[in-house]
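**Q** Quick one: this structure, given as structure tokens, is what I'll be asking you about.
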Amino acid sequence: MTEKRISPKKTHLYDKHVELGARLVPFSGFKMPVQYQGINSEHLSVRKNVGIFDVSHMGEFFFEGPEATKMLDFLVTNDIEQLPTGRVLYTLICKDDGGILDDALAYKISDSKYMLVVNASNIEKDFEWVTSKNQFDCEIRNFSGETCLIALQGPRSKNVLEKLFPNNVSLQNLKSFELMECEIDKKSVLISRTGYTGEDGYEIYCGENAVHLVWDLLLENGKQFGIAPCGLGARDTLRTEMKYSLYGNEIDESTNPYEAGLGWVVKLNNPDFVGYEKLLKIHSEGVCRKLVGFEMIDRGIPRKGNKIFHNGEEIGFVTSGTMSPSLNKAIGIGYVLKGNSLVGDELEIDIRGSYRRGNVVRTPFYNKG
């Protein structure tokens, strides 16, 4: 009996990517653009000017009700109780054993309404998990299929977006990790100012009835600022230069926040969230391995899964690696034993059967200064 193949889903901007000549690949169940003109040029456009990404494959869950705050505070590791309305918070969803089920962004739209943005590969798993944990007066709805998301990233992203809202004081005053609701051509949109590239940037959430208009307006108004459509390839090199974790690479259910360098989003002052007891124990006892950034000394580009050695002894593995377009250096991220995690520690990376030298460095690899 032959196994039925499931065709990748398409975002509502799929036809736009085809028109722009994008190379499309399967990613997290979707057919997504990996590049248009080239990863390096798209990467540098974001660093120097502005880039536009279709990230509509991401998942959006809405929490609404009198106990929405209590529900989210119980579900995630960061402090939702202290989150002001109109703010966005990076957080983790952990299991009872402290393993990371997903990382997410929590949007406080009002005192009784939140949006939780999760990774595309985890939408079904996450939704099943959050609904199973709901013991509160809170309705949880999955609007991932109806919500479109465009990311505008780069030092000139504000210039581009302001052309769409020339007299909007709220947008002009929007600070990092804040959100606002407004309209474009009488269509509702939600705009936030976060990002996944290390540059200033915005996210525009809207329905399928508005996404083509928003995409076209941003591209048209961005021409004078050197805007470039960007694919997942540049998104990955940009976040790697910042040592931002990618689910399935740096973090997953087998990793905990402390070894991943994400202990700062675990608020142990709140003893009532999923995974608290285990995370408190890990925090108290310490970790055996740490996630580090390293640069290559020898020629060779590290890739996910490469083993890491020190003096011939295996001490870890690579989670992400690339040739940095900004630095023109081969860089990588990986887990190593705690005793080999200090800046300057030398490592050997097994690249295609050859040991190539690298050393642990301070991160992020790329600094705008």
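All residue names refer to the structure tokens as shown: chains lettered A, B, ... in order, residues numbered from 1 in each chain, ligands numbered from 1 in order.
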Run DSSP on the backbone and tell me which residues of region 294-324 of chain A come out as strand (DSSP E); list them as an MDAnalysis selection string.
**A** chainID A and resid 294:296 307:310 313:324
**Q** What is the distance between CA of Ile52 (chain A) and CA of Asp102 (chain A), in Å to one decimal?
**A** 24.7 Å
**Q** As a list in words, please: the residues near Tyr335 (chain A) (cut-off 10 Å, only C-alpha atoms, same-chain neighbours under 4 positions excluded).
**A** Glu250, Glu259, Ala260, Cys288, Arg289, Lys290, Leu291, Val292, Gly293, Lys307, Ile308, Ile315, Gly316, Phe317, Val318, Thr319, Asn340 and Ser341 of chain A
**Q** Which one of A:Arg352, A:Lys163, A:Lys243, A:Lys175 sits closest to Glu220 (chain A) if you count only C-alpha atoms?
**A** A:Lys163
**Q** Considering only C-alpha atoms, return as number ranges by chain whatever protein or nucleic-acid residues lie within 9 Å of Phe53 (chain A), sequence-local ones (same chain, fewer than 5 positions apart) excluded.
**A** A: 149-153, 228-232, 235
**Q** Considering only C-alpha atoms, state which residue in the set A:Lys187, A:Lys368, A:His212, A:Lys281 is at the smallest distance from Asn256 (chain A).
**A**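 Closest residue, counting only C-alpha atoms: A:Lys281.
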**Q** List every residue of region 270-322 of chain A that DSSP, applied to the backbone of this structure, assigns to alpha helix (DSSP H), and report them as a list in words.
**A**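 Selection result, alpha helix (DSSP H) within region 270-322 of chain A: Tyr276, Glu277, Lys278, Leu279, Leu280, Lys281, Ile282, His283, Ser284 and Glu285 of chain A.
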**Q** Using only C-alpha atoms, determine which residues lie at most 8 Å from region 32-35 of chain A, disregarding the query and same-chain residues fewer than 4 positions distant; provide the list as a PyMOL selection string.
**A** chain A and resi 10-11+14+17+22-27+39+42+230-234
**Q** Write a file of the selected residues as a PDB file, in the first residue's frame, keeping C-alpha atoms.
**A**
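Final file, part39.pdb:
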```
ATOM      1  CA  LYS A  10       0.804  27.793   0.164  1.00  0.00           C
ATOM      2  CA  THR A  11       0.616  31.203   1.798  1.00  0.00           C
ATOM      3  CA  TYR A  14       2.428  32.446  -3.155  1.00  0.00           C
ATOM      4  CA  HIS A  17       6.659  34.932  -5.037  1.00  0.00           C
ATOM      5  CA  ALA A  22      11.587  33.119  -6.155  1.00  0.00           C
ATOM      6  CA  ARG A  23      13.063  29.647  -5.675  1.00  0.00           C
ATOM      7  CA  LEU A  24      10.406  27.826  -3.691  1.00  0.00           C
ATOM      8  CA  VAL A  25      11.098  24.921  -1.336  1.00  0.00           C
ATOM      9  CA  PRO A  26       9.065  22.866   1.177  1.00  0.00           C
ATOM     10  CA  PHE A  27       9.407  24.274   4.708  1.00  0.00           C
ATOM     11  CA  ILE A  39      20.864  34.900  -0.167  1.00  0.00           C
ATOM     12  CA  GLU A  42      19.120  39.782   0.310  1.00  0.00           C
ATOM     13  CA  CYS A 230      13.894  38.197   0.953  1.00  0.00           C
ATOM     14  CA  GLY A 231      13.525  34.463   1.456  1.00  0.00           C
ATOM     15  CA  LEU A 232      14.106  31.996   4.254  1.00  0.00           C
ATOM     16  CA  GLY A 233      17.789  31.652   3.340  1.00  0.00           C
ATOM     17  CA  ALA A 234      18.585  35.248   4.288  1.00  0.00           C
TER      18      ALA A 234
END
```
**Q** Compile a residue-level contact table for region 33-68 of chain A against region 119-127 of chain A at a cut-off of 12 Å, reporting for every qualifying residue the shortest atom pair and its distance in Å to one decimal, with only C-alpha atoms counted, rows ordered by chain and ascending number, as a Markdown table.
**A**
```
| residue | atom | partner | partner_atom | distance |
| --- | --- | --- | --- | --- |
| A:Val55 | CA | A:Ala120 | CA | 9.2 |
| A:Ser56 | CA | A:Ala120 | CA | 8.8 |
| A:His57 | CA | A:Ala120 | CA | 5.5 |
| A:Met58 | CA | A:Ala120 | CA | 4.4 |
| A:Gly59 | CA | A:Ala120 | CA | 5.5 |
| A:Glu60 | CA | A:Ile123 | CA | 8.3 |
| A:Phe61 | CA | A:Phe127 | CA | 7.7 |
| A:Phe62 | CA | A:Phe127 | CA | 10.6 |
| A:Phe63 | CA | A:Phe127 | CA | 11.4 |
```
**Q** At a cut-off of 10 Å, using only C-alpha atoms, what residues contact Gly65 (chain A)? Leave out same-chain residues fewer than 6 positions from it and give the result as number ranges by chain.
**A** A: 71, 111-114, 136-140
**Q** Go ahead and save the picked residues with C-alpha atoms, as a JSON list (two decimals), in the first residue's frame.
**A**
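Wrote result.json, looks like this:
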```
[["chain", "number", "residue", "atom", "x", "y", "z"],
["A", 71, "MET", "CA", -4.04, 31.13, 31.44],
["A", 111, "ASP", "CA", -6.61, 43.07, 29.49],
["A", 112, "SER", "CA", -8.67, 40.12, 28.29],
["A", 113, "LYS", "CA", -7.19, 39.40, 24.85],
["A", 114, "TYR", "CA", -3.78, 38.09, 23.78],
["A", 136, "PHE", "CA", -9.35, 28.88, 33.12],
["A", 137, "ASP", "CA", -12.22, 31.06, 31.90],
["A", 138, "CYS", "CA", -10.45, 31.65, 28.60],
["A", 139, "GLU", "CA", -11.36, 30.79, 25.02],
["A", 140, "ILE", "CA", -8.42, 29.71, 22.82]]
```
